[in-house]
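> Just passing along the structure, written as structure tokens.
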Amino acid sequence: MIAVGALLHAKQLSRSPFEIATALIVPVVQATLAVYLFRAGGEPGRLLEAAVGAGLMGIWSSVLFGSGGAIQNQRWQGTLEMIMLAPRPPALVVLPITLATALTGTYAMLATLAWGRLLYGIPLTFADPLAFAVAVPGCIISLGMFGLLLASTFVLLRNANALTNTMEYPIWLVSGMLIPITALPGWTGPIGAVLPTTWGARAVREAATGSGPVWPSLGICLAISVACLALGALMMTHVERRARAAATLALA
Amino acid sequence: MTALLRLIGTGGVIAYRALFNWTTPAMFVGTLLVGPLFQLLFFAYLGRQLGVADDGFYITGNAVLAASLACVFGGTMAVSNERRFGTLGHVLLSPRSRTAVFLGRVLPYAGNGLLIAVTTLTAASLLLGLRVPVDALPGLLLTLAVAALACGFFGLTLGAIGLRFRDVWLVSNVSVALLLLLTGVNVPAAGLPAWMRVTGELLPITHAAEAARRLVAGEGFRAAAPQLAAELAIAVAYAILAAVLLKVFEAESRRRASLETL
């Protein structure tokens, strides 16, 4: 059910010119910015890191805006009551949506890598290609599970889509997607350490550059994400009951 | 004249309240004040780590850029949300000058942008320890105001394009991302290819960011004046372009009966 649902929603998102163009163009602009910044900083050897980092940023944006809009979009389409009436736990109905947003986020990673290779001649020589091929999907699945927790939180907020605008840069920053965490103030460390985005980004970067062991980072990323999934499922059940009792499910 | 000013001022404020309806105070603070501050911190730490430029470069540039989010999207909303809410036809049926109606709508968004830019600059200066010379403050305020106005008219131009093309939000999103890259706010202009520099010269923010940096560096208003004048010229150019496009696309929408088509 999760696989079929995720595929259905990924197909639906992939038919939206807005979603596709945003997932392709904005990360490419960010990748270009990162490339010129790394060049200006005299770090041409780290351009692959810049392209991978920009791709990860794109995946996070896709999950964030997708999860923020997951419930709201169903409200606007008039399908929220129907999916909540399904004889399945609400988390199982919403998880495919957040997984699909992470899946469409892979367009960003593919776009930034292709853009970097074709336009800037960045060699796509990953330190551990097998680990990279595992780390990227692992990161995507993890972020999809984290997205469920976000979606369950956002369901209580009328203007969740506005809140998502606030959360894009902070997560990019504290997760070390483009900036090493060591360059940040010490107080950001504990925040970054509990976010799956930090460990997912670390695993992907380690696989791409060989800067460390991939599997522990990926393992921690998945473990935190499973905890987010469990918490998100509980939260989703709670807010669904609350919304039914207060008759506010369809109210935007 | 009084009636025209009332149309521009009062009309603009009423439209702002109606079309910017998704914000509550908490959302306003989160989206428009906290968001740009984190954007600034992101680039300041990235620039610091890469050794591209000092904190002052990023704080000043990104504070000017902070106005763009509200102004570009606001300017776009000023036209597009009328269509989305089904009220565009009523506005266009009005016997008053549509040019004045729409140009007036930019003013509240520009005020909004100015507030955001000032807040971002103040907060970032306190957090990262940038000292701004006191005698530079009036010039800096003027620079931020002109940048906000230029961004508002740029947004209105995009909104006018929305009368012709459906996916105006895509255009706005991409435009805001391009402002990050092309205006030299985060990558020093010398590090960009010539065509990007030339494109950046034609966009809002580029000249204002340069003027603001000169003011913060203590070079005085005289040194910043040419860049400030260039930013003002960009604002006027986009205002004229927006007015022309609104007229052309309004006429075309009437002819093609596509005014309310989403």
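Here's how to read the names in the structure tokens: chain A, B, ... by the order shown, residue numbers from 1 in each chain, ligand numbers from 1 in the order shown.
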With a distance threshold of 9 Å and counting only C-alpha atoms, extract the residues of chain A near chain B and express them as JSON, numbers by chain.
{"A": [17, 18, 19, 21, 22, 25, 26, 27, 29, 30, 32, 33, 34, 36, 37, 38, 39, 40, 41, 42, 43, 159, 162, 163, 164, 165, 166, 167, 168, 169, 170, 172, 173, 178, 179, 180, 183, 184]}
> What's the separation between atom CA of B:Leu203 and atom CA of B:Ala150, in Å to one decimal place?
8.7 Å
> My list of candidates is B:His207, B:Leu19, B:Ala233, B:Arg214. Which is closest to B:Phe85 when distances are computed with only C-alpha atoms?
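For B:Phe85, the nearest of the candidates is B:Leu19.
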> Taking 6 positions as the minimum chain separation for residues in the same chain, which residues sit within 10 Å of A:Leu113 when counting only C-alpha atoms? Answer as a list in words.
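Non-adjacent residues within range: Val28, Ala31, Leu48, Ala50, Ala51, Val52, Gly53, Ala54, Gly55, Tyr107, Ile122, Pro123 and Leu124 of chain A.
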> Save the residues we just selected, C-alpha atoms, as a tab-separated table (two decimals), in the first residue's frame?

chain	number	residue	atom	x	y	z
A	28	VAL	CA	20.32	24.22	-10.42
A	31	ALA	CA	24.20	24.61	-7.46
A	48	LEU	CA	31.47	17.73	-6.39
A	50	ALA	CA	28.97	21.66	-3.83
A	51	ALA	CA	26.84	19.88	-6.46
A	52	VAL	CA	25.88	17.06	-4.05
A	53	GLY	CA	25.15	19.60	-1.29
A	54	ALA	CA	22.88	21.63	-3.59
A	55	GLY	CA	21.09	18.42	-4.58
A	107	TYR	CA	15.07	15.28	-9.58
A	122	ILE	CA	32.82	18.44	-12.48
A	123	PRO	CA	34.05	14.82	-12.57
A	124	LEU	CA	31.42	12.54	-11.05
> Report as number ranges by chain all protein, DNA and RNA residues lying within 6 Å of stretch 234-238 of chain B, evaluated on only C-alpha atoms, omitting residues in the same chain fewer than 2 positions from it.
B: 150, 153-154, 231-232, 240-242
> Could you dump the residues just selected with C-alpha atoms as an mmCIF file, in the first residue's frame?

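Saved result, result-v3.cif, follows:
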data_model
loop_
_atom_site.group_PDB
_atom_site.id
_atom_site.type_symbol
_atom_site.label_atom_id
_atom_site.label_comp_id
_atom_site.auth_asym_id
_atom_site.auth_seq_id
_atom_site.Cartn_x
_atom_site.Cartn_y
_atom_site.Cartn_z
ATOM 1 C CA ALA B 150 12.645 48.471 -7.154
ATOM 2 C CA PHE B 153 7.991 47.114 -9.259
ATOM 3 C CA PHE B 154 9.965 44.077 -10.431
ATOM 4 C CA GLU B 231 18.974 51.470 -8.417
ATOM 5 C CA LEU B 232 16.396 54.268 -8.623
ATOM 6 C CA ILE B 240 7.182 51.743 -16.597
ATOM 7 C CA LEU B 241 7.584 48.174 -17.866
ATOM 8 C CA ALA B 242 4.926 46.933 -15.419
#
> Expressed in Å to a single decimal, how great is the separation between atom CA of B:Ser97 and atom CA of B:Gly12?
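Atom-to-atom, atom CA of B:Ser97 to atom CA of B:Gly12, that is 13.2 Å.
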> Which is closer to B:Val106 than all the others in B:Leu130, B:Leu149, B:Ile14, B:Val91, using only C-alpha atoms?
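Using only C-alpha atoms, B:Val106 sits closest to B:Leu149.
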> Find the residues around B:Gly218 up to 9 Å (only C-alpha atoms counted), leave out those fewer than 5 positions away in its own chain, and share them as an mmCIF file with N, CA, C and O atoms, in the first residue's frame.

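Result went into result.cif, see below:
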data_model
loop_
_atom_site.group_PDB
_atom_site.id
_atom_site.type_symbol
_atom_site.label_atom_id
_atom_site.label_comp_id
_atom_site.auth_asym_id
_atom_site.auth_seq_id
_atom_site.Cartn_x
_atom_site.Cartn_y
_atom_site.Cartn_z
ATOM 1 N N VAL B 132 27.957 49.526 12.153
ATOM 2 C CA VAL B 132 27.565 50.428 11.057
ATOM 3 C C VAL B 132 27.781 51.867 11.537
ATOM 4 O O VAL B 132 27.261 52.232 12.608
ATOM 5 N N PRO B 133 28.538 52.692 10.786
ATOM 6 C CA PRO B 133 28.727 54.087 11.212
ATOM 7 C C PRO B 133 27.386 54.808 11.341
ATOM 8 O O PRO B 133 26.516 54.653 10.471
ATOM 9 N N ASP B 135 26.604 57.903 11.041
ATOM 10 C CA ASP B 135 26.291 58.885 9.993
ATOM 11 C C ASP B 135 25.910 58.215 8.665
ATOM 12 O O ASP B 135 25.449 58.885 7.741
ATOM 13 N N ALA B 136 26.083 56.889 8.590
ATOM 14 C CA ALA B 136 25.686 56.179 7.364
ATOM 15 C C ALA B 136 24.219 55.763 7.394
ATOM 16 O O ALA B 136 23.657 55.364 6.366
ATOM 17 N N ARG B 213 26.984 48.692 0.770
ATOM 18 C CA ARG B 213 28.330 48.273 1.216
ATOM 19 C C ARG B 213 29.264 49.476 1.341
ATOM 20 O O ARG B 213 30.069 49.551 2.262
#
> Would you pick out the contacts of A:Ala70 at 10 Å or less, using only C-alpha atoms, so that residues sharing its chain but fewer than 6 positions from it are not included, and give the list as a list in words?
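Using only C-alpha atoms, the neighbours found are Val63, Leu64, Leu80, Val94, Leu95, Ile97, Thr98, Thr101, Gly147, Leu148, Leu150, Ala151, Ser152, Phe154, Val155, Ala160 and Asn161 of chain A.
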> Output all heavy atoms of each residue in that selection to a file, as a tab-separated table (two decimals), in the first residue's frame.

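File written: part27.tsv
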chain	number	residue	atom	x	y	z
A	63	VAL	N	10.80	17.90	0.27
A	63	VAL	CA	10.12	17.24	1.40
A	63	VAL	C	9.40	18.29	2.26
A	63	VAL	O	8.25	18.11	2.64
A	63	VAL	CB	11.15	16.46	2.27
A	63	VAL	CG1	10.50	15.99	3.57
A	63	VAL	CG2	11.69	15.28	1.51
A	64	LEU	N	10.09	19.38	2.53
A	64	LEU	CA	9.53	20.40	3.41
A	64	LEU	C	8.25	20.99	2.82
A	64	LEU	O	7.20	21.03	3.47
A	64	LEU	CB	10.57	21.50	3.63
A	64	LEU	CG	10.15	22.68	4.50
A	64	LEU	CD1	9.88	22.21	5.92
A	64	LEU	CD2	11.23	23.75	4.52
A	80	LEU	N	-9.48	15.21	1.34
A	80	LEU	CA	-8.96	14.92	2.68
A	80	LEU	C	-9.91	14.02	3.47
A	80	LEU	O	-9.48	13.06	4.10
A	80	LEU	CB	-8.71	16.23	3.44
A	80	LEU	CG	-8.06	16.08	4.82
A	80	LEU	CD1	-6.70	15.40	4.72
A	80	LEU	CD2	-7.88	17.44	5.49
A	94	VAL	N	-0.94	8.99	4.71
A	94	VAL	CA	-0.18	10.22	4.47
A	94	VAL	C	1.29	9.92	4.16
A	94	VAL	O	1.93	10.65	3.38
A	94	VAL	CB	-0.31	11.18	5.68
A	94	VAL	CG1	0.50	12.45	5.47
A	94	VAL	CG2	-1.77	11.54	5.91
A	95	LEU	N	1.84	8.83	4.73
A	95	LEU	CA	3.25	8.51	4.49
A	95	LEU	C	3.58	8.41	3.00
A	95	LEU	O	4.62	8.94	2.56
A	95	LEU	CB	3.63	7.21	5.22
A	95	LEU	CG	5.08	6.76	5.05
A	95	LEU	CD1	6.06	7.79	5.62
A	95	LEU	CD2	5.33	5.40	5.71
A	97	ILE	N	2.43	10.07	0.64
A	97	ILE	CA	2.52	11.43	0.08
A	97	ILE	C	3.89	12.03	0.40
A	97	ILE	O	4.56	12.60	-0.47
A	97	ILE	CB	1.40	12.34	0.65
A	97	ILE	CG1	0.02	11.75	0.37
A	97	ILE	CG2	1.50	13.74	0.06
A	97	ILE	CD1	-1.14	12.54	0.97
A	98	THR	N	4.31	11.89	1.67
A	98	THR	CA	5.60	12.50	2.04
A	98	THR	C	6.76	11.75	1.39
A	98	THR	O	7.77	12.35	1.02
A	98	THR	CB	5.77	12.54	3.57
A	98	THR	OG1	5.77	11.22	4.09
A	98	THR	CG2	4.67	13.34	4.22
A	101	THR	N	7.07	13.06	-2.08
A	101	THR	CA	7.74	14.37	-2.19
A	101	THR	C	9.26	14.20	-2.11
A	101	THR	O	10.01	14.91	-2.78
A	101	THR	CB	7.29	15.34	-1.07
A	101	THR	OG1	7.67	14.80	0.19
A	101	THR	CG2	5.81	15.58	-1.09
A	147	GLY	N	9.21	13.55	6.97
A	147	GLY	CA	8.14	14.38	6.41
A	147	GLY	C	6.78	14.06	7.04
A	147	GLY	O	5.95	14.95	7.19
A	148	LEU	N	6.58	12.78	7.42
A	148	LEU	CA	5.31	12.41	8.06
A	148	LEU	C	5.14	13.15	9.39
A	148	LEU	O	4.05	13.64	9.70
A	148	LEU	CB	5.24	10.90	8.29
A	148	LEU	CG	3.94	10.46	8.96
A	148	LEU	CD1	2.78	10.52	7.98
A	148	LEU	CD2	4.06	9.07	9.55
A	150	LEU	N	6.49	16.00	10.11
A	150	LEU	CA	6.21	17.41	9.77
A	150	LEU	C	4.75	17.57	9.37
A	150	LEU	O	4.07	18.49	9.83
A	150	LEU	CB	7.10	17.85	8.60
A	150	LEU	CG	8.60	17.94	8.85
A	150	LEU	CD1	9.31	18.33	7.57
A	150	LEU	CD2	8.89	18.98	9.92
A	151	ALA	N	4.28	16.66	8.50
A	151	ALA	CA	2.89	16.77	8.01
A	151	ALA	C	1.90	16.67	9.15
A	151	ALA	O	0.90	17.39	9.19
A	151	ALA	CB	2.62	15.69	6.97
A	152	SER	N	2.19	15.76	10.12
A	152	SER	CA	1.26	15.59	11.24
A	152	SER	C	1.26	16.84	12.13
A	152	SER	O	0.26	17.16	12.75
A	152	SER	CB	1.62	14.36	12.06
A	152	SER	OG	2.90	14.52	12.64
A	154	PHE	N	1.94	19.91	10.92
A	154	PHE	CA	1.38	20.98	10.11
A	154	PHE	C	-0.14	20.89	9.99
A	154	PHE	O	-0.79	21.87	9.67
A	154	PHE	CB	1.99	20.97	8.71
A	154	PHE	CG	3.45	21.36	8.68
A	154	PHE	CD1	4.23	21.10	7.57
A	154	PHE	CD2	4.04	22.00	9.76
A	154	PHE	CE1	5.57	21.45	7.53
A	154	PHE	CE2	5.38	22.35	9.74
A	154	PHE	CZ	6.15	22.08	8.62
A	155	VAL	N	-0.68	19.67	10.21
A	155	VAL	CA	-2.12	19.50	10.03
A	155	VAL	C	-2.90	20.39	11.00
A	155	VAL	O	-4.04	20.77	10.76
A	155	VAL	CB	-2.52	18.01	10.16
A	155	VAL	CG1	-2.55	17.58	11.61
A	155	VAL	CG2	-3.86	17.74	9.52
A	160	ALA	N	0.29	26.28	7.41
A	160	ALA	CA	1.51	25.48	7.45
A	160	ALA	C	2.43	25.82	6.29
A	160	ALA	O	3.65	25.83	6.42
A	160	ALA	CB	1.16	24.01	7.42
A	161	ASN	N	1.82	26.12	5.13
A	161	ASN	CA	2.65	26.41	3.95
A	161	ASN	C	3.50	27.66	4.15
A	161	ASN	O	4.57	27.78	3.58
A	161	ASN	CB	1.81	26.51	2.68
A	161	ASN	CG	0.63	27.43	2.85
A	161	ASN	OD1	0.30	27.82	3.96
A	161	ASN	ND2	-0.01	27.80	1.75
> Enter the distance from atom CA of A:Leu99 to atom CA of A:Ala3, in Å, rounded to one decimal.
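Result for atom CA of A:Leu99 versus atom CA of A:Ala3: 9.1 Å, one decimal.
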> Just the residues within 10 Å of A:Tyr120, please, counting only C-alpha atoms, with nothing from its chain fewer than 4 positions along; format it as a list in words.
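Returned residues: Thr32, Val35, Leu47, Ala114, Trp115 and Gly116 of chain A.
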> Using only C-alpha atoms, pick whichever of A:Val174, A:Leu7, A:Met82, A:Leu143 has the shortest atom-to-atom distance to A:Ala227.
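Closest candidate: A:Leu143.
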> Taking the DSSP secondary structure from the backbone, can you list the residues of stretch 176-210 of chain B that are helix (DSSP H, G or I), as a PDB file with C-alpha atoms, in the first residue's frame?

ATOM      1  CA  VAL B 176      13.861  35.136  -6.418  1.00  0.00           C
ATOM      2  CA  ALA B 177      16.406  32.303  -6.731  1.00  0.00           C
ATOM      3  CA  LEU B 178      18.115  34.133  -9.605  1.00  0.00           C
ATOM      4  CA  LEU B 179      18.365  37.310  -7.506  1.00  0.00           C
ATOM      5  CA  LEU B 180      20.471  35.282  -5.055  1.00  0.00           C
ATOM      6  CA  LEU B 181      22.883  34.351  -7.813  1.00  0.00           C
ATOM      7  CA  LEU B 182      23.006  37.328 -10.155  1.00  0.00           C
ATOM      8  CA  ALA B 189      30.694  40.238  -8.970  1.00  0.00           C
ATOM      9  CA  ALA B 190      34.322  39.656 -10.017  1.00  0.00           C
ATOM     10  CA  GLY B 191      33.768  35.929  -9.493  1.00  0.00           C
ATOM     11  CA  ALA B 194      30.466  38.623 -17.723  1.00  0.00           C
ATOM     12  CA  TRP B 195      26.959  37.713 -18.903  1.00  0.00           C
ATOM     13  CA  MET B 196      25.807  37.101 -15.340  1.00  0.00           C
ATOM     14  CA  ARG B 197      27.276  40.447 -14.247  1.00  0.00           C
ATOM     15  CA  VAL B 198      25.494  42.255 -17.097  1.00  0.00           C
ATOM     16  CA  THR B 199      22.199  40.518 -16.280  1.00  0.00           C
ATOM     17  CA  GLY B 200      22.654  41.404 -12.617  1.00  0.00           C
ATOM     18  CA  GLU B 201      23.128  45.068 -13.524  1.00  0.00           C
ATOM     19  CA  THR B 206      22.576  44.754  -7.415  1.00  0.00           C
ATOM     20  CA  HIS B 207      23.225  48.502  -7.271  1.00  0.00           C
ATOM     21  CA  ALA B 208      21.558  48.974  -3.880  1.00  0.00           C
ATOM     22  CA  ALA B 209      23.735  46.252  -2.330  1.00  0.00           C
ATOM     23  CA  GLU B 210      26.838  47.965  -3.685  1.00  0.00           C
TER      24      GLU B 210
END
